[in-house]
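Asker: File model.pdb follows (PDB, C-alpha atoms):
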```
ATOM      1  CA  MET S   1     -16.543 -30.470 -54.020
ATOM      2  CA  TYR S   2     -17.224 -27.043 -52.579
ATOM      3  CA  LYS S   3     -16.470 -25.373 -55.949
ATOM      4  CA  LYS S   4     -18.804 -27.811 -57.746
ATOM      5  CA  VAL S   5     -21.648 -26.967 -55.365
ATOM      6  CA  ILE S   6     -21.109 -23.260 -55.989
ATOM      7  CA  TRP S   7     -21.131 -23.804 -59.753
ATOM      8  CA  LEU S   8     -24.395 -25.790 -59.586
ATOM      9  CA  SER S   9     -26.054 -23.157 -57.420
ATOM     10  CA  MET S  10     -25.077 -20.480 -59.966
ATOM     11  CA  MET S  11     -26.532 -22.540 -62.819
ATOM     12  CA  PHE S  12     -29.829 -23.108 -60.997
ATOM     13  CA  ARG S  13     -30.004 -19.404 -60.202
ATOM     14  CA  ARG S  14     -29.644 -18.524 -63.911
ATOM     15  CA  ILE S  15     -32.224 -21.126 -64.995
ATOM     16  CA  SER S  16     -34.683 -19.938 -62.329
ATOM     17  CA  GLY S  17     -34.219 -16.430 -63.642
ATOM     18  CA  LEU S  18     -35.264 -17.576 -67.120
ATOM     19  CA  ILE S  19     -38.181 -19.693 -65.887
ATOM     20  CA  GLU S  20     -39.663 -17.049 -63.551
ATOM     21  CA  PRO S  21     -41.214 -14.934 -66.377
ATOM     22  CA  LEU S  22     -42.717 -18.064 -67.968
ATOM     23  CA  LYS S  23     -44.929 -18.571 -64.903
ATOM     24  CA  TYR S  24     -47.154 -15.754 -66.059
ATOM     25  CA  LEU S  25     -47.647 -17.179 -69.571
ATOM     26  CA  ASN S  26     -50.828 -19.114 -70.423
ATOM     27  CA  VAL S  27     -49.301 -22.543 -70.926
ATOM     28  CA  GLN S  28     -51.501 -25.601 -71.225
ATOM     29  CA  ASN S  29     -51.335 -28.427 -68.688
ATOM     30  CA  ASN S  30     -49.174 -26.176 -66.466
ATOM     31  CA  GLN S  31     -46.036 -27.944 -67.705
ATOM     32  CA  TRP S  32     -43.840 -24.910 -67.285
ATOM     33  CA  THR S  33     -45.169 -24.312 -63.796
ATOM     34  CA  GLN S  34     -44.341 -27.853 -62.763
ATOM     35  CA  LEU S  35     -40.906 -27.562 -64.338
ATOM     36  CA  ALA S  36     -40.245 -24.338 -62.451
ATOM     37  CA  ALA S  37     -41.353 -25.929 -59.219
ATOM     38  CA  THR S  38     -39.011 -28.861 -59.860
ATOM     39  CA  PHE S  39     -36.015 -26.556 -60.435
ATOM     40  CA  GLU S  40     -36.953 -24.516 -57.362
ATOM     41  CA  ALA S  41     -37.022 -27.627 -55.176
ATOM     42  CA  ARG S  42     -33.652 -28.730 -56.582
ATOM     43  CA  LYS S  43     -32.257 -25.299 -55.901
ATOM     44  CA  LEU S  44     -33.317 -25.476 -52.295
ATOM     45  CA  SER S  45     -31.992 -28.975 -51.861
ATOM     46  CA  THR S  46     -28.635 -28.295 -53.469
ATOM     47  CA  THR S  47     -27.981 -24.956 -51.789
ATOM     48  CA  GLN S  48     -25.363 -25.443 -49.152
ATOM     49  CA  GLU S  49     -25.446 -23.387 -45.991
ATOM     50  CA  PRO S  50     -22.267 -21.498 -45.294
ATOM     51  CA  ALA S  51     -20.015 -23.326 -42.907
ATOM     52  CA  GLN S  52     -20.022 -21.891 -39.423
ATOM     53  CA  GLU S  53     -16.757 -20.482 -38.271
ATOM     54  CA  GLN S  54     -15.308 -22.801 -35.748
ATOM     55  CA  GLN S  55     -14.474 -20.858 -32.670
ATOM     56  CA  PRO S  56     -11.132 -21.772 -31.280
ATOM     57  CA  ALA S  57     -11.430 -23.718 -28.102
ATOM     58  CA  GLU S  58     -10.306 -21.872 -25.013
ATOM     59  CA  THR S  59      -6.720 -22.694 -24.426
ATOM     60  CA  LYS S  60      -5.988 -23.681 -20.902
ATOM     61  CA  LYS S  61      -3.684 -21.327 -19.117
ATOM     62  CA  ASN S  62      -0.452 -23.136 -18.532
ATOM     63  CA  ILE S  63       0.999 -21.883 -15.250
ATOM     64  CA  SER S  64       4.462 -22.991 -14.284
ATOM     65  CA  LYS S  65       5.038 -24.464 -10.848
ATOM     66  CA  ALA S  66       7.277 -21.576  -9.808
ATOM     67  CA  MET S  67       4.658 -18.982 -10.817
ATOM     68  CA  LYS S  68       1.902 -20.932  -9.105
ATOM     69  CA  ALA S  69       3.936 -21.190  -5.911
ATOM     70  CA  TYR S  70       4.712 -17.461  -6.035
ATOM     71  CA  LEU S  71       1.043 -16.533  -6.411
ATOM     72  CA  GLU S  72       0.061 -18.907  -3.611
ATOM     73  CA  ARG S  73       2.631 -17.374  -1.253
ATOM     74  CA  ALA S  74       1.396 -13.873  -2.076
ATOM     75  CA  GLN S  75      -2.221 -14.864  -1.431
ATOM     76  CA  GLU S  76      -1.295 -16.609   1.824
ATOM     77  CA  HIS S  77       0.538 -13.505   3.043
ATOM     78  CA  GLN S  78      -2.426 -11.281   2.185
ATOM     79  CA  SER S  79      -4.867 -13.554   4.005
ATOM     80  CA  PHE S  80      -2.470 -13.770   6.982
ATOM     81  CA  MET S  81      -2.198  -9.976   7.217
ATOM     82  CA  LYS S  82      -5.968  -9.634   6.935
ATOM     83  CA  GLN S  83      -6.442 -12.070   9.821
ATOM     84  CA  GLN S  84      -3.838 -10.267  11.939
ATOM     85  CA  LYS S  85      -5.540  -6.900  11.351
ATOM     86  CA  GLU S  86      -8.861  -8.332  12.470
ATOM     87  CA  GLU S  87      -7.280  -9.792  15.627
ATOM     88  CA  TYR S  88      -5.555  -6.466  16.325
ATOM     89  CA  GLN S  89      -8.864  -4.589  16.130
ATOM     90  CA  ILE S  90     -10.526  -7.137  18.431
ATOM     91  CA  GLY S  91      -7.671  -6.909  20.948
ATOM     92  CA  LYS S  92      -7.812  -3.119  20.776
ATOM     93  CA  ARG S  93     -11.511  -3.111  21.662
ATOM     94  CA  HIS S  94     -10.988  -5.550  24.550
ATOM     95  CA  LEU S  95      -8.110  -3.465  25.881
ATOM     96  CA  ALA S  96     -10.179  -0.278  25.676
ATOM     97  CA  ASN S  97     -13.008  -1.951  27.588
ATOM     98  CA  MET S  98     -10.560  -3.140  30.270
ATOM     99  CA  MET S  99      -9.272   0.411  30.708
ATOM    100  CA  GLY S 100     -12.796   1.883  30.680
ATOM    101  CA  GLU S 101     -12.172   3.899  27.501
ATOM    102  CA  ASN S 102     -14.114   4.361  24.295
ATOM    103  CA  PRO S 103     -12.857   1.826  21.695
ATOM    104  CA  GLU S 104     -13.612   4.231  18.857
ATOM    105  CA  THR S 105     -11.265   6.919  20.201
ATOM    106  CA  PHE S 106      -8.628   4.563  21.641
ATOM    107  CA  THR S 107      -5.347   5.581  19.993
ATOM    108  CA  GLN S 108      -2.030   3.775  19.687
ATOM    109  CA  GLU S 109      -0.588   5.963  22.422
ATOM    110  CA  ASP S 110      -3.398   4.847  24.737
ATOM    111  CA  ILE S 111      -2.620   1.228  23.817
ATOM    112  CA  ASP S 112       1.066   1.667  24.709
ATOM    113  CA  ASN S 113       0.194   3.265  28.044
ATOM    114  CA  ALA S 114      -2.308   0.513  28.837
ATOM    115  CA  ILE S 115       0.215  -2.246  28.028
ATOM    116  CA  GLU S 116       2.839  -0.540  30.169
ATOM    117  CA  TYR S 117       0.348  -0.272  33.031
ATOM    118  CA  LEU S 118      -0.992  -3.832  32.798
ATOM    119  CA  PHE S 119       2.354  -5.534  32.095
ATOM    120  CA  PRO S 120       5.099  -3.668  33.975
ATOM    121  CA  SER S 121       8.566  -4.889  33.084
ATOM    122  CA  GLY S 122      12.045  -4.201  34.370
ATOM    123  CA  LEU S 123      13.815  -5.201  31.163
ATOM    124  CA  TYR S 124      16.224  -2.566  29.889
ATOM    125  CA  GLU S 125      15.727  -3.462  26.227
ATOM    126  CA  LYS S 126      12.443  -1.875  25.167
ATOM    127  CA  LYS S 127      12.018  -4.296  22.262
ATOM    128  CA  ALA S 128      11.887  -7.176  24.745
ATOM    129  CA  ARG S 129       9.020  -5.633  26.701
ATOM    130  CA  PRO S 130       5.368  -6.512  25.999
ATOM    131  CA  PHE S 131       3.834  -4.413  23.247
ATOM    132  CA  MET S 132       0.819  -4.297  20.964
ATOM    133  CA  LYS S 133       1.447  -2.721  17.587
ATOM    134  CA  PRO S 134      -0.405  -2.808  14.235
ATOM    135  CA  PRO S 135       0.524  -5.831  12.086
ATOM    136  CA  GLU S 136       2.147  -3.548   9.486
ATOM    137  CA  GLU S 137       4.785  -2.553  12.055
ATOM    138  CA  VAL S 138       5.350  -6.029  13.466
ATOM    139  CA  PHE S 139       5.549  -8.233  10.380
ATOM    140  CA  PRO S 140       7.893  -7.319   7.512
ATOM    141  CA  GLN S 141       6.179  -6.088   4.397
ATOM    142  CA  ARG S 142       6.175  -8.174   1.258
ATOM    143  CA  LYS S 143       5.602  -7.257  -2.309
ATOM    144  CA  ALA S 144       2.240  -8.093  -3.743
ATOM    145  CA  ALA S 145       2.024 -10.336  -6.806
ATOM    146  CA  GLU S 146       3.952  -8.493  -9.512
ATOM    147  CA  PHE S 147       2.429 -10.403 -12.428
ATOM    148  CA  ASP S 148      -0.808 -12.172 -13.245
ATOM    149  CA  GLU S 149      -1.438 -15.833 -13.961
ATOM    150  CA  THR S 150      -0.356 -15.463 -17.576
ATOM    151  CA  GLY S 151       3.051 -14.118 -16.510
ATOM    152  CA  ARG S 152       2.399 -10.544 -17.629
ATOM    153  CA  PRO S 153       3.930  -8.083 -15.099
ATOM    154  CA  HIS S 154       1.767  -5.331 -13.636
ATOM    155  CA  HIS S 155       4.542  -2.707 -13.446
ATOM    156  CA  PHE S 156       6.090  -1.367 -16.638
ATOM    157  CA  LEU S 157       9.548  -1.362 -14.993
ATOM    158  CA  PHE S 158       9.335  -4.967 -13.810
ATOM    159  CA  TYR S 159      12.225  -6.161 -15.987
ATOM    160  CA  THR S 160      14.665  -3.711 -14.364
ATOM    161  CA  GLY S 161      14.664  -5.912 -11.262
ATOM    162  CA  LYS S 162      14.006  -2.888  -9.001
ATOM    163  CA  SER S 163      10.734  -1.541 -10.304
ATOM    164  CA  TYR S 164       9.841   0.695  -7.335
ATOM    165  CA  TYR S 165      13.343   2.158  -7.069
ATOM    166  CA  TYR S 166      13.432   3.120 -10.737
ATOM    167  CA  GLN S 167       9.871   4.384 -10.449
ATOM    168  CA  VAL S 168      11.068   6.879  -7.831
ATOM    169  CA  LEU S 169      13.929   8.007 -10.098
ATOM    170  CA  HIS S 170      11.452   8.316 -12.976
ATOM    171  CA  ASP S 171       9.191  10.512 -10.823
ATOM    172  CA  ILE S 172      12.134  12.706  -9.788
ATOM    173  CA  VAL S 173      13.151  13.318 -13.411
ATOM    174  CA  GLN S 174       9.527  13.975 -14.340
ATOM    175  CA  HIS S 175       9.235  16.620 -11.609
ATOM    176  CA  ILE S 176      12.525  18.212 -12.709
ATOM    177  CA  ASN S 177      11.319  18.511 -16.305
ATOM    178  CA  ASP S 178       7.976  19.934 -15.173
ATOM    179  CA  LEU S 179       9.706  22.558 -13.015
ATOM    180  CA  TYR S 180      11.987  23.500 -15.937
ATOM    181  CA  LYS S 181       8.944  24.097 -18.135
ATOM    182  CA  PHE S 182       7.243  26.115 -15.408
ATOM    183  CA  GLU S 183      10.370  28.210 -14.874
ATOM    184  CA  GLU S 184      10.643  28.968 -18.608
ATOM    185  CA  ALA S 185       7.000  30.031 -18.646
ATOM    186  CA  MET S 186       7.598  32.380 -15.702
ATOM    187  CA  ILE S 187      10.689  33.861 -17.401
ATOM    188  CA  ARG S 188       8.674  34.647 -20.535
ATOM    189  CA  LYS S 189       6.136  36.454 -18.377
ATOM    190  CA  GLY S 190       8.895  38.324 -16.553
ATOM    191  CA  ILE S 191       8.039  36.831 -13.150
ATOM    192  CA  LYS S 192      10.814  35.949 -10.719
ATOM    193  CA  PRO S 193      10.495  33.224  -8.060
ATOM    194  CA  ASP S 194       9.347  34.443  -4.653
ATOM    195  CA  PRO S 195      12.176  33.909  -2.126
ATOM    196  CA  ASN S 196       9.644  33.645   0.704
ATOM    197  CA  LEU S 197       8.271  30.469  -0.884
ATOM    198  CA  ALA S 198      11.682  28.781  -1.176
ATOM    199  CA  LEU S 199      11.784  25.208   0.068
ATOM    200  CA  GLU S 200      13.065  25.023   3.658
ATOM    201  CA  LEU S 201      14.614  21.661   4.543
ATOM    202  CA  SER S 202      16.507  22.581   7.691
ATOM    203  CA  GLY S 203      15.812  20.291  10.615
ATOM    204  CA  TYR S 204      15.291  17.277   8.333
ATOM    205  CA  GLN S 205      17.527  14.639   6.816
ATOM    206  CA  TRP S 206      17.184  12.100   4.027
ATOM    207  CA  LEU S 207      16.039   8.612   4.782
ATOM    208  CA  THR S 208      18.900   6.229   5.389
ATOM    209  CA  LYS S 209      19.541   3.321   3.056
ATOM    210  CA  PRO S 210      17.788   0.728   5.301
ATOM    211  CA  GLU S 211      14.807   3.072   5.738
ATOM    212  CA  LEU S 212      14.582   3.650   1.994
ATOM    213  CA  GLU S 213      14.727  -0.099   1.383
ATOM    214  CA  LEU S 214      11.931  -0.587   3.902
ATOM    215  CA  LYS S 215       9.826   2.064   2.168
ATOM    216  CA  LEU S 216      10.429   0.635  -1.316
ATOM    217  CA  VAL S 217      10.279  -3.016  -0.160
ATOM    218  CA  GLU S 218      13.375  -3.594  -2.304
ATOM    219  CA  THR S 219      17.072  -4.155  -1.691
ATOM    220  CA  ILE S 220      19.332  -1.526  -3.231
ATOM    221  CA  GLY S 221      23.090  -1.049  -3.273
ATOM    222  CA  ASP S 222      25.199   1.806  -1.970
ATOM    223  CA  LYS S 223      25.676   3.166  -5.482
ATOM    224  CA  ASP S 224      21.932   3.116  -6.088
ATOM    225  CA  TYR S 225      21.385   5.033  -2.857
ATOM    226  CA  ASP S 226      23.959   7.664  -3.860
ATOM    227  CA  ILE S 227      22.237   8.087  -7.230
ATOM    228  CA  PHE S 228      18.911   8.590  -5.484
ATOM    229  CA  ILE S 229      20.352  11.236  -3.106
ATOM    230  CA  SER S 230      22.082  13.164  -5.914
ATOM    231  CA  ALA S 231      18.936  13.096  -8.068
ATOM    232  CA  ILE S 232      16.551  14.305  -5.371
ATOM    233  CA  GLU S 233      19.004  16.976  -4.173
ATOM    234  CA  ARG S 234      19.113  18.278  -7.726
ATOM    235  CA  LEU S 235      15.341  18.561  -7.535
ATOM    236  CA  CYS S 236      15.537  20.462  -4.243
ATOM    237  CA  VAL S 237      17.874  23.202  -5.521
ATOM    238  CA  LEU S 238      15.464  24.295  -8.256
ATOM    239  CA  PRO S 239      13.839  27.691  -7.556
ATOM    240  CA  TYR S 240      10.304  26.298  -7.794
ATOM    241  CA  SER S 241      10.935  23.080  -5.886
ATOM    242  CA  TYR S 242       8.349  24.118  -3.294
ATOM    243  CA  ARG S 243       5.699  23.041  -5.801
ATOM    244  CA  VAL S 244       6.649  19.388  -5.181
ATOM    245  CA  LYS S 245       7.264  19.724  -1.438
ATOM    246  CA  ASP S 246       4.930  16.841  -0.568
ATOM    247  CA  PHE S 247       6.870  14.475  -2.826
ATOM    248  CA  ILE S 248      10.230  15.548  -1.384
ATOM    249  CA  MET S 249       9.119  15.298   2.254
ATOM    250  CA  GLU S 250       8.163  11.650   1.742
ATOM    251  CA  TYR S 251      11.891  10.854   1.737
ATOM    252  CA  ARG S 252      12.964  13.086   4.635
ATOM    253  CA  LYS S 253      12.645  12.667   8.380
ATOM    254  CA  PRO S 254      13.161  15.089  11.272
ATOM    255  CA  LEU S 255      16.583  15.222  12.844
ATOM    256  CA  MET S 256      15.256  14.954  16.391
ATOM    257  CA  SER S 257      12.000  14.006  17.953
ATOM    258  CA  GLN S 258       9.701  16.647  19.301
ATOM    259  CA  ILE S 259      10.459  17.638  22.876
ATOM    260  CA  GLN S 260       7.513  17.882  25.204
ATOM    261  CA  ASN S 261       7.540  20.827  27.540
ATOM    262  CA  PHE S 262       6.391  20.061  31.054
ATOM    263  CA  GLU S 263       5.417  22.714  33.505
ATOM    264  CA  THR S 264       7.551  22.646  36.608
ATOM    265  CA  PRO S 265       5.321  21.951  39.607
ATOM    266  CA  LYS S 266       5.308  24.646  42.206
ATOM    267  CA  PRO S 267       6.586  23.612  45.648
ATOM    268  CA  GLN S 268       4.216  23.380  48.590
ATOM    269  CA  TYR S 269       5.008  23.861  52.261
ATOM    270  CA  ASP S 270       4.133  21.691  55.215
ATOM    271  CA  SER S 271       3.299  22.781  58.715
ATOM    272  CA  GLU S 272       7.003  23.078  59.556
ATOM    273  CA  GLY S 273       7.604  25.430  56.631
ATOM    274  CA  ARG S 274       9.555  22.840  54.662
ATOM    275  CA  ALA S 275       9.071  22.815  50.879
ATOM    276  CA  TYR S 276       8.021  19.605  49.193
ATOM    277  CA  ILE S 277       6.869  18.486  45.729
ATOM    278  CA  THR S 278       4.699  15.456  45.027
ATOM    279  CA  THR S 279       6.065  14.369  41.672
ATOM    280  CA  TYR S 280       4.102  11.205  40.977
ATOM    281  CA  GLU S 281       0.983   9.528  42.253
ATOM    282  CA  CYS S 282      -0.614   6.334  40.979
ATOM    283  CA  LYS S 283      -3.284   3.886  41.981
ATOM    284  CA  ARG S 284      -3.244   0.198  41.230
ATOM    285  CA  LYS S 285      -5.884  -2.126  42.587
ATOM    286  CA  ARG S 286      -5.904  -1.299  46.308
ATOM    287  CA  ALA S 287      -2.395   0.160  46.467
ATOM    288  CA  ILE S 288      -1.608   3.869  46.256
ATOM    289  CA  GLY S 289       1.929   5.056  45.525
ATOM    290  CA  ASP S 290       3.395   8.545  45.573
ATOM    291  CA  VAL S 291       6.873  10.084  45.502
ATOM    292  CA  THR S 292       7.610  13.183  47.524
ATOM    293  CA  ILE S 293      10.730  15.313  47.211
ATOM    294  CA  ARG S 294      11.588  17.641  50.067
ATOM    295  CA  ALA S 295      13.842  20.649  50.103
ATOM    296  CA  PRO S 296      16.265  21.132  51.643
ATOM    297  CA  GLY S 297      16.912  17.420  51.681
ATOM    298  CA  THR S 298      19.336  15.000  53.260
ATOM    299  CA  GLY S 299      19.844  12.585  50.326
ATOM    300  CA  LYS S 300      18.204   9.694  52.122
ATOM    301  CA  VAL S 301      15.424   7.580  50.611
ATOM    302  CA  THR S 302      12.638   6.439  52.921
ATOM    303  CA  ILE S 303      10.040   3.852  51.927
ATOM    304  CA  ASN S 304       7.268   3.590  54.509
ATOM    305  CA  ASP S 305       9.725   4.727  57.179
ATOM    306  CA  LYS S 306      12.291   2.129  56.020
ATOM    307  CA  ASP S 307      15.296   2.121  53.671
ATOM    308  CA  ILE S 308      15.559   0.281  50.333
ATOM    309  CA  THR S 309      15.560  -3.061  52.141
ATOM    310  CA  TYR S 310      11.806  -2.573  52.324
ATOM    311  CA  PHE S 311      11.761  -4.398  48.970
ATOM    312  CA  GLN S 312      12.915  -7.955  49.513
ATOM    313  CA  ASP S 313      13.035  -8.722  45.791
ATOM    314  CA  VAL S 314      16.196  -7.628  43.950
ATOM    315  CA  GLN S 315      14.260  -6.799  40.795
ATOM    316  CA  SER S 316      11.981  -4.431  42.726
ATOM    317  CA  ARG S 317      15.033  -2.668  44.135
ATOM    318  CA  GLU S 318      16.552  -2.260  40.671
ATOM    319  CA  GLN S 319      13.312  -0.844  39.311
ATOM    320  CA  PHE S 320      13.110   1.578  42.195
ATOM    321  CA  LEU S 321      16.674   2.778  41.658
TER     322      LEU S 321
END
```
Take the structure in the file and give it back as structure tokens.
Answerer:
Amino acid sequence: MYKKVIWLSMMFRRISGLIEPLKYLNVQNNQWTQLAATFEARKLSTTQEPAQEQQPAETKKNISKAMKAYLERAQEHQSFMKQQKEEYQIGKRHLANMMGENPETFTQEDIDNAIEYLFPSGLYEKKARPFMKPPEEVFPQRKAAEFDETGRPHHFLFYTGKSYYYQVLHDIVQHINDLYKFEEAMIRKGIKPDPNLALELSGYQWLTKPELELKLVETIGDKDYDIFISAIERLCVLPYSYRVKDFIMEYRKPLMSQIQNFETPKPQYDSEGRAYITTYECKRKRAIGDVTIRAPGTGKVTINDKDITYFQDVQSREQFL
């Protein structure tokens, strides 16, 4: 049918082409003009408009139940962490106001000192004592959604099963190749590496396997950890490894914590010429406590002119000792 319509339209087009010049001839009774008008009307009536391209209907995204549950869990965890961060900031401001400090400059160290002051505890295990830490340190981290609703993964190494671990190995190899190219360029120019700029890693050690797993938010095996250590140590021995020092130091930690140096208080002398040092003084509510050490001493402990039995509670005695 469609071919027949096309053929008819072509025929009418040819006939109209022959009739068009006859319109200008002086024909009696305007017969040719009427005939031309008839063919023109037929042409318009028989011309078929081109069929509109039917746009494919939007296919509904079919999401499996497992994928939907995974995305819901990821969204719930994100909303939970967001709520915990807001509560932490509110608690931080309240705690700063209780201690008479500026909430804007109230640091985590100030929070720890305030908690220790407001909630004294005699428990030996520090993890069992009251604390107030950021939610990132309290709740274990989780991976964000690794693929979208269509199932397409965000990371190009998703199908390895350990995308972040292999991403680190990929970055190490990339840095090694870049340093090789830089070293070749320096050799062509006749420039030797400066020994004063050599990478110094003394006093640091590599992250342990659990710490690396916590950083990558992935579980790796012992063999994977050994591969990581051998690869990054190969990067460190290169003469121009100091160029990627920031990347290397992300996976190292100091061997020991920094030691604070305290100035030794100078002894004072009482009216009898006996030396003494007031080591600690604190105020809490209406009570004032201080510890005084005298030299030369006798080894006895006096609490308000009494011995340790001044404290009737056993826990108070243990804390004092």
Asker: With only C-alpha atoms as the atoms that count, which of S:Lys192, S:Thr292, S:Pro210, S:Met98 lies nearest to Leu118 of chain S?
Answerer: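 Once distances to Leu118 of chain S are computed over only C-alpha atoms, the minimum belongs to S:Met98.
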Asker: Decode the PyMOL selection byres ((chain S and resi 84) around 12) for the given file into explicit residues and return them as a list in words.
Answerer: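 Selection result, ordered by chain and number: His77, Gln78, Ser79, Phe80, Met81, Lys82, Gln83, Lys85, Glu86, Glu87, Tyr88, Gln89, Ile90, Gly91, Met132, Lys133, Pro134, Pro135, Glu136, Glu137, Val138 and Phe139 of chain S.
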Asker: Taking all atoms listed in the file into account, name the residue in S:Leu157, S:Val244, S:Val168, S:Ile229 that is nearest to Leu216 of chain S.
Answerer: S:Val168
Asker: Interatomic distance between atom CA of Asp222 of chain S and atom CA of Tyr166 of chain S?
Answerer: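 Computing the Euclidean distance for atom CA of Asp222 of chain S and atom CA of Tyr166 of chain S yields 14.7 Å.
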Asker: Measure the distance from atom CA of Arg294 of chain S to atom CA of Asp270 of chain S in Å and round it to one decimal.
Answerer: 9.9 Å
Asker: Go ahead and compute the interatomic distance for atom CA of Gly100 of chain S and atom CA of Ala114 of chain S, in Å to one decimal.
Answerer: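 Atom CA of Ala114 of chain S lies at a distance of 10.7 Å from atom CA of Gly100 of chain S.
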Asker: When you count all atoms listed in the file, which of these residues is closest to Glu218 of chain S: S:Ser271, S:Thr278, S:Gln167, S:Thr298?
Answerer: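 Result for the nearest residue to Glu218 of chain S: S:Gln167.
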Asker: Complete the atom set of segment 213-226 of chain S to N, CA, C and O atoms and return it as a short mmCIF file (atom, residue, chain, number, x, y, z; two decimals), in the frame of the given file.
Answerer:
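Done, and the output landed in result_35.cif:
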```cif
data_model
loop_
_atom_site.label_atom_id
_atom_site.label_comp_id
_atom_site.auth_asym_id
_atom_site.auth_seq_id
_atom_site.Cartn_x
_atom_site.Cartn_y
_atom_site.Cartn_z
N GLU S 213 15.04 1.27 1.80
CA GLU S 213 14.73 -0.10 1.38
C GLU S 213 13.42 -0.58 2.00
O GLU S 213 12.62 -1.27 1.34
N LEU S 214 13.18 -0.20 3.25
CA LEU S 214 11.93 -0.59 3.90
C LEU S 214 10.74 0.10 3.25
O LEU S 214 9.67 -0.50 3.11
N LYS S 215 10.91 1.33 2.82
CA LYS S 215 9.83 2.06 2.17
C LYS S 215 9.54 1.51 0.78
O LYS S 215 8.37 1.41 0.37
N LEU S 216 10.60 1.15 0.05
CA LEU S 216 10.43 0.64 -1.32
C LEU S 216 10.16 -0.86 -1.35
O LEU S 216 9.77 -1.38 -2.40
N VAL S 217 10.40 -1.55 -0.24
CA VAL S 217 10.28 -3.02 -0.16
C VAL S 217 11.19 -3.65 -1.22
O VAL S 217 10.81 -4.61 -1.90
N GLU S 218 12.38 -3.08 -1.35
CA GLU S 218 13.38 -3.59 -2.30
C GLU S 218 14.76 -3.42 -1.70
O GLU S 218 14.98 -2.52 -0.87
N THR S 219 15.68 -4.24 -2.13
CA THR S 219 17.07 -4.16 -1.69
C THR S 219 17.87 -3.40 -2.74
O THR S 219 17.86 -3.76 -3.92
N ILE S 220 18.54 -2.34 -2.31
CA ILE S 220 19.33 -1.53 -3.23
C ILE S 220 20.77 -1.48 -2.73
O ILE S 220 21.05 -1.71 -1.55
N GLY S 221 21.68 -1.14 -3.63
CA GLY S 221 23.09 -1.05 -3.27
C GLY S 221 23.47 0.36 -2.84
O GLY S 221 22.69 1.30 -2.94
N ASP S 222 24.72 0.49 -2.40
CA ASP S 222 25.20 1.81 -1.97
C ASP S 222 25.24 2.79 -3.15
O ASP S 222 24.93 3.97 -2.98
N LYS S 223 25.63 2.30 -4.31
CA LYS S 223 25.68 3.17 -5.48
C LYS S 223 24.28 3.62 -5.88
O LYS S 223 24.08 4.79 -6.26
N ASP S 224 23.31 2.73 -5.78
CA ASP S 224 21.93 3.12 -6.09
C ASP S 224 21.43 4.18 -5.11
O ASP S 224 20.72 5.12 -5.51
N TYR S 225 21.80 4.05 -3.85
CA TYR S 225 21.38 5.03 -2.86
C TYR S 225 22.02 6.39 -3.13
O TYR S 225 21.36 7.44 -3.01
N ASP S 226 23.29 6.39 -3.53
CA ASP S 226 23.96 7.66 -3.86
C ASP S 226 23.31 8.32 -5.07
O ASP S 226 23.17 9.56 -5.12
#
```
